[in-house]
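Engineer: Provided herewith: coords_6.txt, compact mmCIF, C-alpha atoms.
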# COMPACT_ATOMS: atom_id res chain seq x y z
CA MET A 1 117.22 35.94 16.34
CA SER A 2 115.41 35.58 19.62
CA ASP A 3 111.90 34.08 19.49
CA ALA A 4 110.99 36.05 22.58
CA ALA A 5 111.36 39.42 20.83
CA LEU A 6 108.80 41.99 21.93
CA ALA A 7 106.27 43.47 19.54
CA PRO A 8 107.62 46.57 17.73
CA ARG A 9 105.31 48.90 19.65
CA ALA A 10 106.52 47.62 23.03
CA GLN A 11 110.11 47.82 21.78
CA ALA A 12 109.59 51.42 20.69
CA ARG A 13 108.30 52.29 24.15
CA ILE A 14 111.29 50.76 25.91
CA LEU A 15 113.79 52.19 23.43
CA ALA A 16 112.24 55.64 23.77
CA ALA A 17 112.47 55.46 27.57
CA ARG A 18 116.15 54.53 27.25
CA TYR A 19 116.77 57.27 24.69
CA TRP A 20 115.04 59.83 26.95
CA ALA A 21 117.30 58.80 29.83
CA CYS A 22 120.42 59.07 27.63
CA THR A 23 119.33 62.42 26.19
CA LEU A 24 118.49 63.98 29.54
CA GLY A 25 121.68 62.51 31.01
CA ASP A 26 123.63 64.61 28.51
CA TRP A 27 121.74 67.75 29.54
CA ARG A 28 124.48 70.15 28.43
CA THR A 29 123.99 69.09 24.82
CA VAL A 30 120.22 69.41 25.22
CA VAL A 31 120.58 72.93 26.61
CA LEU A 32 122.89 73.85 23.73
CA LEU A 33 120.42 72.49 21.16
CA VAL A 34 117.42 74.16 22.78
CA ALA A 35 119.19 77.48 23.40
CA GLN A 36 120.09 77.97 19.74
CA ALA A 37 116.39 78.37 18.88
CA PRO A 38 115.64 81.57 20.86
CA LEU A 39 119.06 82.89 19.89
CA ILE A 40 118.28 82.57 16.18
CA GLY A 41 114.86 84.09 16.88
CA TRP A 42 116.53 87.02 18.59
CA PHE A 43 118.87 87.47 15.61
CA CYS A 44 115.78 87.60 13.40
CA THR A 45 114.24 90.34 15.53
CA LEU A 46 117.45 92.35 15.24
CA VAL A 47 117.21 92.22 11.46
CA TRP A 48 113.45 92.49 10.90
CA GLY A 49 112.88 94.64 13.97
CA SER A 50 114.63 97.48 12.20
CA ILE A 51 111.91 97.57 9.53
CA GLU A 52 109.21 96.84 12.14
CA THR A 53 107.35 94.36 9.99
CA ASP A 54 107.55 90.76 8.84
CA THR A 55 108.46 89.84 5.28
CA PRO A 56 108.49 86.62 3.22
CA SER A 57 112.24 86.38 3.78
CA LEU A 58 111.64 86.16 7.54
CA TYR A 59 109.20 83.29 6.98
CA PHE A 60 111.80 81.53 4.85
CA VAL A 61 114.52 81.96 7.48
CA LEU A 62 112.22 80.56 10.17
CA CYS A 63 111.31 77.52 8.05
CA LEU A 64 114.93 76.92 7.13
CA SER A 65 115.91 77.18 10.80
CA ALA A 66 113.31 74.56 11.70
CA VAL A 67 114.71 72.11 9.13
CA TRP A 68 118.19 72.89 10.40
CA PHE A 69 117.18 72.14 14.00
CA GLY A 70 115.74 68.78 12.99
CA CYS A 71 118.81 67.85 10.95
CA ILE A 72 121.35 68.83 13.57
CA ASN A 73 119.41 67.16 16.39
CA ALA A 74 119.25 63.85 14.55
CA CYS A 75 122.37 63.57 12.42
CA ARG A 76 124.54 61.82 15.05
CA GLU A 77 121.89 59.89 16.89
CA VAL A 78 122.10 56.57 14.99
CA VAL A 79 125.71 56.52 13.92
CA LYS A 80 127.01 57.16 17.43
CA GLU A 81 125.43 53.96 18.75
CA ARG A 82 125.67 51.80 15.66
CA ALA A 83 127.65 49.12 17.50
CA VAL A 84 124.92 48.80 20.14
CA LEU A 85 122.26 48.71 17.42
CA GLU A 86 123.99 45.92 15.47
CA ARG A 87 124.37 43.86 18.62
CA GLU A 88 120.74 44.30 19.64
CA ARG A 89 119.56 43.30 16.18
CA PHE A 90 120.76 39.78 16.97
CA PHE A 91 118.17 39.74 19.75
CA GLY A 92 115.24 40.74 17.58
CA LEU A 93 115.40 44.53 17.65
CA SER A 94 112.89 46.04 15.24
CA LEU A 95 114.46 48.74 13.09
CA THR A 96 111.12 50.50 12.74
CA ALA A 97 110.75 50.57 16.53
CA TYR A 98 114.30 51.85 16.83
CA ILE A 99 113.74 54.78 14.44
CA ALA A 100 110.30 55.44 15.95
CA SER A 101 111.87 55.76 19.39
CA LYS A 102 114.34 58.30 18.02
CA VAL A 103 111.59 60.27 16.31
CA GLN A 104 109.50 60.24 19.50
CA VAL A 105 112.20 62.00 21.51
CA LEU A 106 113.52 64.24 18.73
CA ALA A 107 109.97 65.37 17.86
CA VAL A 108 109.51 66.71 21.39
CA LEU A 109 112.90 68.42 21.25
CA GLY A 110 111.99 69.90 17.85
CA LEU A 111 108.64 71.16 19.13
CA ILE A 112 110.32 72.93 22.05
CA GLN A 113 112.81 74.50 19.65
CA VAL A 114 110.23 75.81 17.19
CA LEU A 115 108.08 77.17 20.02
CA LEU A 116 111.07 79.03 21.46
CA LEU A 117 112.08 80.27 18.01
CA GLN A 118 108.60 81.61 17.37
CA ALA A 119 108.27 83.08 20.86
CA ALA A 120 111.58 84.93 20.48
CA VAL A 121 110.36 86.49 17.24
CA GLU A 122 106.83 87.26 18.49
CA TRP A 123 108.38 88.91 21.56
CA GLN A 124 109.36 91.85 19.33
CA LEU A 125 107.37 91.45 16.17
CA ALA A 126 104.02 89.75 15.62
CA LEU A 127 103.95 87.58 12.51
CA LYS A 128 100.95 87.62 10.20
CA GLY A 129 98.79 84.55 10.68
CA ALA A 130 97.73 82.20 13.44
CA PHE A 131 100.55 81.37 15.87
CA PHE A 132 99.75 77.71 16.39
CA VAL A 133 99.20 76.98 12.70
CA GLN A 134 102.64 78.44 12.10
CA THR A 135 103.99 76.29 14.95
CA LEU A 136 102.55 73.25 13.23
CA ALA A 137 104.23 74.19 9.95
CA LEU A 138 107.58 74.76 11.64
CA TRP A 139 107.23 71.52 13.54
CA GLY A 140 106.45 69.72 10.28
CA ALA A 141 109.62 71.23 8.78
CA SER A 142 111.56 70.21 11.88
CA LEU A 143 110.23 66.63 11.61
CA CYS A 144 111.32 66.50 7.97
CA GLY A 145 114.74 67.75 9.09
CA THR A 146 114.77 65.02 11.73
CA GLY A 147 113.98 62.45 9.04
CA LEU A 148 116.81 63.80 6.87
CA GLY A 149 119.18 63.77 9.85
CA LEU A 150 118.27 60.19 10.78
CA LEU A 151 118.69 59.10 7.17
CA VAL A 152 122.16 60.61 7.05
CA SER A 153 122.98 59.15 10.45
CA ALA A 154 121.84 55.70 9.35
CA ALA A 155 123.88 55.86 6.16
CA ALA A 156 127.05 57.46 7.54
CA LYS A 157 129.98 55.44 8.84
CA THR A 158 131.23 58.00 11.33
CA GLN A 159 129.75 60.90 13.29
CA GLU A 160 132.11 63.33 11.54
CA ARG A 161 130.82 62.29 8.12
CA ALA A 162 127.23 62.60 9.29
CA VAL A 163 127.76 66.14 10.56
CA GLY A 164 129.78 66.99 7.44
CA ALA A 165 126.83 65.99 5.24
CA ILE A 166 124.45 68.49 6.84
CA PRO A 167 125.36 71.39 4.50
CA LEU A 168 124.44 69.10 1.60
CA LEU A 169 120.96 68.84 3.06
CA ILE A 170 120.53 72.48 4.02
CA LEU A 171 122.03 74.34 1.06
CA PRO A 172 119.68 72.81 -1.55
CA GLN A 173 116.78 74.12 0.53
CA ILE A 174 118.07 77.61 -0.24
CA LEU A 175 119.27 76.96 -3.79
CA PHE A 176 116.02 75.37 -4.94
CA SER A 177 113.85 78.15 -3.64
CA GLU A 178 112.49 81.46 -4.86
CA PHE A 179 115.12 83.18 -2.74
CA ALA A 180 117.83 82.06 -5.16
CA ILE A 181 116.02 83.17 -8.31
CA PRO A 182 112.42 84.25 -8.91
CA ARG A 183 109.99 81.34 -9.22
CA GLU A 184 109.00 82.38 -12.78
CA GLN A 185 112.56 81.78 -13.88
CA PHE A 186 112.78 78.24 -12.54
CA GLY A 187 113.76 75.61 -15.08
CA ASP A 188 111.87 72.30 -15.26
CA VAL A 189 114.43 70.49 -13.11
CA VAL A 190 114.47 73.20 -10.45
CA THR A 191 110.68 73.27 -10.32
CA TRP A 192 110.64 69.49 -9.91
CA VAL A 193 113.37 69.37 -7.27
CA GLU A 194 111.85 72.27 -5.31
CA ARG A 195 108.75 70.16 -4.63
CA PHE A 196 110.88 67.82 -2.54
CA MET A 197 112.20 70.58 -0.28
CA PRO A 198 110.47 70.67 3.12
CA VAL A 199 111.27 74.37 3.53
CA ARG A 200 109.21 75.15 0.42
CA TRP A 201 106.06 73.62 1.96
CA ALA A 202 106.47 75.13 5.41
CA TYR A 203 107.08 78.48 3.70
CA GLU A 204 103.91 77.94 1.67
CA VAL A 205 101.95 77.70 4.94
CA PHE A 206 103.39 81.01 6.15
CA THR A 207 102.69 82.82 2.88
CA GLN A 208 99.15 81.45 2.74
CA LEU A 209 98.49 82.58 6.31
CA ALA A 210 99.90 86.03 5.56
CA ALA A 211 97.88 86.44 2.36
CA ASP A 212 94.82 88.68 2.36
CA GLU A 213 92.75 85.69 1.30
CA THR A 214 94.06 82.29 2.34
CA ALA A 215 93.80 79.48 -0.20
CA TRP A 216 92.75 76.72 2.21
CA GLY A 217 93.34 74.00 -0.38
CA ASP A 218 96.97 75.03 -0.77
CA LEU A 219 97.35 75.19 3.01
CA VAL A 220 96.05 71.64 3.46
CA LEU A 221 98.24 70.46 0.58
CA ALA A 222 101.33 71.98 2.20
CA PHE A 223 100.63 70.26 5.52
CA THR A 224 99.93 66.96 3.77
CA VAL A 225 103.19 67.13 1.83
CA LEU A 226 105.14 67.91 5.01
CA ALA A 227 103.57 64.92 6.79
CA VAL A 228 104.25 62.60 3.84
CA GLN A 229 107.83 63.82 3.52
CA ALA A 230 108.51 63.24 7.21
CA LEU A 231 107.04 59.74 6.95
CA VAL A 232 108.98 58.88 3.79
CA LEU A 233 112.28 60.17 5.23
CA GLY A 234 111.73 58.17 8.42
CA SER A 235 111.03 55.06 6.33
CA LEU A 236 114.16 55.67 4.27
CA ALA A 237 116.15 55.90 7.50
CA VAL A 238 114.79 52.47 8.47
CA ALA A 239 115.68 51.13 5.01
CA ALA A 240 119.20 52.54 5.31
CA LEU A 241 119.70 50.49 8.46
CA VAL A 242 118.73 47.18 6.85
CA PRO A 243 122.20 46.22 5.53
CA ARG A 244 124.11 44.92 8.51
CA ARG A 245 127.38 46.65 9.21
CA GLU A 246 130.49 45.42 10.95
CA THR A 247 131.49 47.76 13.75
CA MET B 248 102.93 59.44 42.43
CA LYS B 249 106.41 60.45 41.35
CA LYS B 250 105.19 60.88 37.78
CA VAL B 251 102.31 63.07 38.91
CA LEU B 252 104.68 65.24 40.92
CA TRP B 253 106.95 65.56 37.89
CA LEU B 254 103.98 66.54 35.75
CA VAL B 255 102.75 69.11 38.27
CA GLY B 256 106.29 70.49 38.59
CA LEU B 257 106.67 70.71 34.81
CA LEU B 258 103.29 72.45 34.45
CA ALA B 259 104.18 74.89 37.23
CA VAL B 260 107.54 75.72 35.65
CA GLY B 261 106.00 75.95 32.17
CA GLY B 262 103.12 78.13 33.35
CA GLY B 263 105.39 80.34 35.43
CA GLY B 264 107.81 80.68 32.53
CA TYR B 265 104.97 81.61 30.20
CA LEU B 266 103.57 84.27 32.53
CA ALA B 267 107.07 85.66 33.13
CA ALA B 268 107.64 85.84 29.35
CA SER B 269 104.24 87.46 28.92
CA HIS B 270 105.07 90.13 31.50
CA LEU B 271 108.67 90.77 30.41
CA SER B 272 107.65 91.04 26.74
CA GLY B 273 105.15 93.77 27.60
CA GLY B 274 102.12 91.62 26.88
CA ALA B 275 103.38 90.30 23.53
CA PHE B 276 101.86 86.95 24.52
CA PRO B 277 98.26 86.69 25.81
CA THR B 278 98.21 87.53 29.52
CA LEU B 279 95.12 85.39 30.24
CA GLY B 280 93.33 88.39 31.72
CA LEU B 281 96.06 89.05 34.28
CA PRO B 282 97.37 92.61 34.68
CA LEU B 283 100.81 91.82 33.26
CA GLY B 284 103.14 93.62 30.89
CA GLY B 285 103.42 97.04 32.58
CA ASP B 286 102.96 100.09 30.37
CA LEU B 287 103.41 98.16 27.16
CA GLY B 288 100.83 95.63 28.26
CA TRP B 289 98.36 98.41 28.97
CA LEU B 290 99.05 100.07 25.62
CA ARG B 291 98.53 96.79 23.76
CA LYS B 292 95.27 96.12 25.59
CA THR B 293 93.99 99.66 25.00
CA THR B 294 94.88 99.50 21.32
CA MET B 295 93.03 96.21 20.89
CA SER B 296 90.06 97.70 22.71
CA PHE B 297 90.18 100.77 20.44
CA TRP B 298 90.09 98.66 17.27
CA GLU B 299 87.27 96.59 18.68
CA ASP B 300 85.27 99.80 19.15
CA ILE B 301 85.99 100.79 15.57
CA GLN B 302 85.09 97.28 14.40
CA PHE B 303 81.68 97.65 16.03
CA LYS B 304 81.34 101.28 14.89
CA ASP B 305 81.22 102.58 18.46
CA PHE B 306 82.92 105.85 17.54
CA GLU B 307 81.85 107.62 20.71
CA ARG B 308 83.70 105.13 22.87
CA ALA B 309 86.63 105.03 20.45
CA ALA B 310 87.05 108.80 20.95
CA THR B 311 87.39 108.37 24.72
CA TYR B 312 90.99 107.18 24.36
CA HIS B 313 91.84 110.74 23.36
CA ALA B 314 92.54 113.50 25.92
CA PRO B 315 89.19 114.64 27.41
CA ASP B 316 89.47 118.21 26.09
CA LYS B 317 89.93 116.99 22.54
CA GLN B 318 87.39 114.19 22.39
CA ASP B 319 84.57 116.34 21.04
CA GLY B 320 86.68 117.57 18.16
CA VAL B 321 87.54 114.13 16.83
CA ASP B 322 85.53 112.91 13.88
CA ILE B 323 86.51 109.25 13.62
CA PRO B 324 84.10 108.29 10.81
CA TYR B 325 85.60 111.06 8.70
CA LEU B 326 89.15 109.97 9.53
CA ILE B 327 88.34 106.39 8.61
CA GLU B 328 86.80 107.45 5.33
CA ARG B 329 89.95 109.36 4.47
CA LEU B 330 92.16 106.43 5.36
CA PHE B 331 90.34 103.61 3.62
CA GLY B 332 88.57 105.53 0.88
CA VAL B 333 85.17 104.14 1.91
CA LYS B 334 82.48 105.24 4.32
CA PRO B 335 82.49 103.43 7.69
CA GLU B 336 79.38 101.45 6.75
CA GLY B 337 81.27 100.05 3.78
CA LEU B 338 84.15 98.86 5.90
CA ASP B 339 84.30 95.56 7.75
CA ILE B 340 87.30 95.21 10.06
CA MET B 341 87.80 91.44 10.02
CA GLU B 342 90.96 91.05 12.12
CA TYR B 343 93.34 93.27 14.02
CA GLU B 344 96.54 92.52 15.89
CA ILE B 345 99.49 94.30 17.43
CA VAL B 346 102.71 94.11 15.42
CA MET B 347 104.92 95.87 17.95
CA ALA B 348 104.72 98.36 20.81
CA GLU B 349 107.38 100.74 22.02
CA VAL B 350 107.81 103.39 24.72
CA ASP B 351 110.47 106.07 24.17
CA SER B 352 113.44 106.77 26.44
CA THR B 353 111.57 109.46 28.41
CA GLY B 354 108.68 107.12 29.14
CA LEU B 355 106.26 109.82 28.02
CA ARG B 356 105.63 108.83 24.42
CA ALA B 357 104.65 105.52 22.96
CA ARG B 358 103.66 104.03 19.65
CA VAL B 359 101.85 100.85 18.81
CA LYS B 360 101.92 99.37 15.35
CA THR B 361 98.79 97.47 14.43
CA ARG B 362 97.86 95.29 11.49
CA LEU B 363 94.33 95.30 10.18
CA LYS B 364 92.62 92.97 7.76
CA VAL B 365 89.63 94.78 6.33
CA LYS B 366 86.97 94.02 3.78
CA LEU B 367 85.81 96.84 1.55
CA LEU B 368 82.21 95.70 1.37
CA PHE B 369 81.10 97.66 -1.70
CA LEU B 370 84.13 96.54 -3.68
CA ASP B 371 84.16 92.99 -2.22
CA LYS B 372 87.92 93.25 -1.66
CA ILE B 373 90.03 92.16 1.32
CA LYS B 374 93.05 94.29 2.19
CA SER B 375 95.74 94.31 4.88
CA ARG B 376 96.94 97.62 6.27
CA GLU B 377 99.32 98.59 9.02
CA PHE B 378 98.73 101.60 11.27
CA MET B 379 100.78 103.31 13.90
CA LEU B 380 98.88 104.63 16.90
CA PHE B 381 100.62 107.23 19.05
CA PHE B 382 100.17 107.79 22.78
CA HIS B 383 101.53 110.33 25.19
CA ARG B 384 101.32 111.34 28.84
CA GLU B 385 102.37 114.38 30.85
CA THR B 386 104.43 112.57 33.50
CA VAL B 387 105.38 108.94 34.03
CA ASP B 388 102.59 108.66 36.59
CA SER B 389 99.87 110.19 34.39
CA PRO B 390 97.54 108.03 32.34
CA TRP B 391 98.29 107.46 28.66
CA THR B 392 96.11 109.19 26.09
CA MET B 393 95.96 108.37 22.43
CA GLU B 394 96.75 111.05 19.92
CA LEU B 395 93.93 109.97 17.70
CA GLU B 396 94.32 112.56 15.02
CA THR B 397 98.05 112.06 14.75
CA SER B 398 97.44 108.36 14.57
CA LEU B 399 94.64 108.18 12.10
CA ARG B 400 94.70 111.31 10.04
CA SER B 401 96.80 111.59 6.93
CA LEU B 402 99.02 114.65 6.97
CA ASP B 403 97.53 117.87 5.71
CA VAL B 404 99.65 119.77 3.26
CA ASP B 405 101.26 122.85 4.72
CA GLU B 406 100.83 125.40 1.95
CA ASP B 407 103.56 127.64 3.35
CA LYS B 408 106.25 125.00 2.88
CA LYS B 409 107.91 123.67 -0.24
CA HIS B 410 107.30 120.00 -1.16
The structure in this file should be written as structure tokens.

Structural biologist:
Amino acid sequence: MSDAALAPRAQARILAARYWACTLGDWRTVVLLVAQAPLIGWFCTLVWGSIETDTPSLYFVLCLSAVWFGCINACREVVKERAVLERERFFGLSLTAYIASKVQVLAVLGLIQVLLLQAAVEWQLALKGAFFVQTLALWGASLCGTGLGLLVSAAAKTQERAVGAIPLLILPQILFSEFAIPREQFGDVVTWVERFMPVRWAYEVFTQLAADETAWGDLVLAFTVLAVQALVLGSLAVAALVPRRET
Amino acid sequence: MKKVLWLVGLLAVGGGGYLAASHLSGGAFPTLGLPLGGDLGWLRKTTMSFWEDIQFKDFERAATYHAPDKQDGVDIPYLIERLFGVKPEGLDIMEYEIVMAEVDSTGLRARVKTRLKVKLLFLDKIKSREFMLFFHRETVDSPWTMELETSLRSLDVDEDKKH
């Protein structure tokens, strides 16, 4: 290991600048990723526009979409450059700085996506609740999705396997939710597992904002859980990179 | 310098994009006081203004959105009492927003769906309600007028018809 390795914060800055350059260099992929957000929003307006009002199921779809965006943005981002990563580790690359640089860029991409998703829906149909609080919830869900995607990307051996694992991350968000069966009928295990689903907490924000009387405590709790989940998933992604891998 | 130019360029594109979206969506996004959004933008603004008048119990001004010849015949306090089941002084309109706005194919009729969050003061209860306000105009160049009674009044039973 090099003694002249930069501090993690400086490394993160340089790595982020490099990642920005790589991301913007592949602008077609960026356009594809960004464009899917307003498209999904438009699909939502086609469905909910016909009843001219928002419903809890719309909130759930929006939150699920945000997690999906985060997952799909991040799931290939580590595994595709694993060889470069392993080589740079010999020269003192900080894994935390590496993941932080990814999060830095993907967080901006996620924010643009959730804003476009929301704008596409609000274009036709105003949602109950404050726009920017909802943006924050969707962004939190997107960051959790990014954490999940980076974790998968760090653990997967090939890009194909990483992308193939995405349904395993998304489907439980639907299965362990009140849209599968009513919440009163949840078993103990389902109730326990549901607490770990980012969609559940982002959805909680939406339902609280739409309620006649918002329970502010529950709202703060939902945001806190989203932040903690994003942080834990990012840390797990770092941990998944610790074992060196031959490439 | 290059970074500053990039930033200015990005802000210009972002701001322009926002204003374009605001106009094309018919004022679905705040227009920052600019006359954007065409007919739909005007309808949204008028509807918000109408609910603000109701919120501050300025019923005289609220009636002015109706056609001039019908303004005197509109009893808004009575209509509100019928809708919410409380007298206007017992009603606090806390929030109001536009859900959607639509102009028909002829361009002569429009409807604006609004969402209200109200507090029934005597009952100490908060409720959300949605209302549809209807507008019409004689020609596409005439000004829009609200059909207040159609919008706010519950339907009277027609005794001559079967129900």

Engineer: Using all atoms listed in the file and a distance of at most 12 Å, pull out the residues of chain B that contact chain A, as a ChimeraX atom specification.

Structural biologist: /B:261,264-265,268-277,284,287,341-349,358-366,371-379

Engineer: So that I have them on file, write out the residues from the current selection with C-alpha atoms, as a PDB file, in the coordinates of the input.

Structural biologist:
ATOM      1  CA  GLY B 261     106.000  75.950  32.170  1.00  0.00           C
ATOM      2  CA  GLY B 264     107.810  80.680  32.530  1.00  0.00           C
ATOM      3  CA  TYR B 265     104.970  81.610  30.200  1.00  0.00           C
ATOM      4  CA  ALA B 268     107.640  85.840  29.350  1.00  0.00           C
ATOM      5  CA  SER B 269     104.240  87.460  28.920  1.00  0.00           C
ATOM      6  CA  HIS B 270     105.070  90.130  31.500  1.00  0.00           C
ATOM      7  CA  LEU B 271     108.670  90.770  30.410  1.00  0.00           C
ATOM      8  CA  SER B 272     107.650  91.040  26.740  1.00  0.00           C
ATOM      9  CA  GLY B 273     105.150  93.770  27.600  1.00  0.00           C
ATOM     10  CA  GLY B 274     102.120  91.620  26.880  1.00  0.00           C
ATOM     11  CA  ALA B 275     103.380  90.300  23.530  1.00  0.00           C
ATOM     12  CA  PHE B 276     101.860  86.950  24.520  1.00  0.00           C
ATOM     13  CA  PRO B 277      98.260  86.690  25.810  1.00  0.00           C
ATOM     14  CA  GLY B 284     103.140  93.620  30.890  1.00  0.00           C
ATOM     15  CA  LEU B 287     103.410  98.160  27.160  1.00  0.00           C
ATOM     16  CA  MET B 341      87.800  91.440  10.020  1.00  0.00           C
ATOM     17  CA  GLU B 342      90.960  91.050  12.120  1.00  0.00           C
ATOM     18  CA  TYR B 343      93.340  93.270  14.020  1.00  0.00           C
ATOM     19  CA  GLU B 344      96.540  92.520  15.890  1.00  0.00           C
ATOM     20  CA  ILE B 345      99.490  94.300  17.430  1.00  0.00           C
ATOM     21  CA  VAL B 346     102.710  94.110  15.420  1.00  0.00           C
ATOM     22  CA  MET B 347     104.920  95.870  17.950  1.00  0.00           C
ATOM     23  CA  ALA B 348     104.720  98.360  20.810  1.00  0.00           C
ATOM     24  CA  GLU B 349     107.380 100.740  22.020  1.00  0.00           C
ATOM     25  CA  ARG B 358     103.660 104.030  19.650  1.00  0.00           C
ATOM     26  CA  VAL B 359     101.850 100.850  18.810  1.00  0.00           C
ATOM     27  CA  LYS B 360     101.920  99.370  15.350  1.00  0.00           C
ATOM     28  CA  THR B 361      98.790  97.470  14.430  1.00  0.00           C
ATOM     29  CA  ARG B 362      97.860  95.290  11.490  1.00  0.00           C
ATOM     30  CA  LEU B 363      94.330  95.300  10.180  1.00  0.00           C
ATOM     31  CA  LYS B 364      92.620  92.970   7.760  1.00  0.00           C
ATOM     32  CA  VAL B 365      89.630  94.780   6.330  1.00  0.00           C
ATOM     33  CA  LYS B 366      86.970  94.020   3.780  1.00  0.00           C
ATOM     34  CA  ASP B 371      84.160  92.990  -2.220  1.00  0.00           C
ATOM     35  CA  LYS B 372      87.920  93.250  -1.660  1.00  0.00           C
ATOM     36  CA  ILE B 373      90.030  92.160   1.320  1.00  0.00           C
ATOM     37  CA  LYS B 374      93.050  94.290   2.190  1.00  0.00           C
ATOM     38  CA  SER B 375      95.740  94.310   4.880  1.00  0.00           C
ATOM     39  CA  ARG B 376      96.940  97.620   6.270  1.00  0.00           C
ATOM     40  CA  GLU B 377      99.320  98.590   9.020  1.00  0.00           C
ATOM     41  CA  PHE B 378      98.730 101.600  11.270  1.00  0.00           C
ATOM     42  CA  MET B 379     100.780 103.310  13.900  1.00  0.00           C
TER      43      MET B 379
END

Engineer: As an exercise, work out the distance from atom CA of Ala230 of chain A to atom CA of Arg183 of chain A in Å and give it to one decimal place.

Structural biologist: 24.5 Å

Engineer: Which residues are near segment 72-75 of chain A? Cut-off 8 Å, only C-alpha atoms, ignore same chain within fewer than 6 positions. Put them as a list in words.

Structural biologist: Leu33, Leu106, Thr146, Gly147, Leu148, Gly149, Leu150, Leu151, Val152, Ser153, Gln159, Ala162, Val163 and Ile166 of chain A

Engineer: Write out, as a short mmCIF file (atom, residue, chain, number, x, y, z; two decimals), keeping the file's coordinate frame, the residues just selected, with C-alpha atoms.

Structural biologist:
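Now in part00.cif:
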data_model
loop_
_atom_site.label_atom_id
_atom_site.label_comp_id
_atom_site.auth_asym_id
_atom_site.auth_seq_id
_atom_site.Cartn_x
_atom_site.Cartn_y
_atom_site.Cartn_z
CA LEU A 33 120.42 72.49 21.16
CA LEU A 106 113.52 64.24 18.73
CA THR A 146 114.77 65.02 11.73
CA GLY A 147 113.98 62.45 9.04
CA LEU A 148 116.81 63.80 6.87
CA GLY A 149 119.18 63.77 9.85
CA LEU A 150 118.27 60.19 10.78
CA LEU A 151 118.69 59.10 7.17
CA VAL A 152 122.16 60.61 7.05
CA SER A 153 122.98 59.15 10.45
CA GLN A 159 129.75 60.90 13.29
CA ALA A 162 127.23 62.60 9.29
CA VAL A 163 127.76 66.14 10.56
CA ILE A 166 124.45 68.49 6.84
#

Engineer: Looking at A:Thr158, A:Gln173, A:Thr224, A:Thr55, which one is nearest to Arg76 of chain A, with distances taken over only C-alpha atoms?

Structural biologist: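 Between A:Thr158, A:Gln173, A:Thr224, A:Thr55, the residue approaching Arg76 of chain A most closely is A:Thr158.
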
Engineer: Would you compute, for all listed atoms of segment 168-185 of chain A, the axis-aligned bounding box grown by 6 Å on each side, and then report its centre and edge lengths in Å rounded to one decimal, as JSON?

Structural biologist:
{"center_x": 116.7, "center_y": 76.5, "center_z": -4.9, "size_x": 27.4, "size_y": 27.4, "size_z": 29.9}

Engineer: Extract, using all atoms listed in the file, all DNA, RNA and protein residues at most 7 Å from His313 of chain B, discarding same-chain residues fewer than 3 positions from it, and format them as a ChimeraX atom specification.

Structural biologist: /B:310,317-318,392-395

Engineer: Only C-alpha atoms, please: the residues just picked out, written as a PDB file, in the frame of the given file.

Structural biologist:
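Listing of again.pdb after writing:
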ATOM      1  CA  ALA B 310      87.050 108.800  20.950  1.00  0.00           C
ATOM      2  CA  LYS B 317      89.930 116.990  22.540  1.00  0.00           C
ATOM      3  CA  GLN B 318      87.390 114.190  22.390  1.00  0.00           C
ATOM      4  CA  THR B 392      96.110 109.190  26.090  1.00  0.00           C
ATOM      5  CA  MET B 393      95.960 108.370  22.430  1.00  0.00           C
ATOM      6  CA  GLU B 394      96.750 111.050  19.920  1.00  0.00           C
ATOM      7  CA  LEU B 395      93.930 109.970  17.700  1.00  0.00           C
TER       8      LEU B 395
END

Engineer: Take atom CA of Gly145 of chain A and atom CA of Trp216 of chain A and report the distance between them in Å, one decimal.

Structural biologist: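 Rounded to one decimal, the two atoms are 24.7 Å apart.
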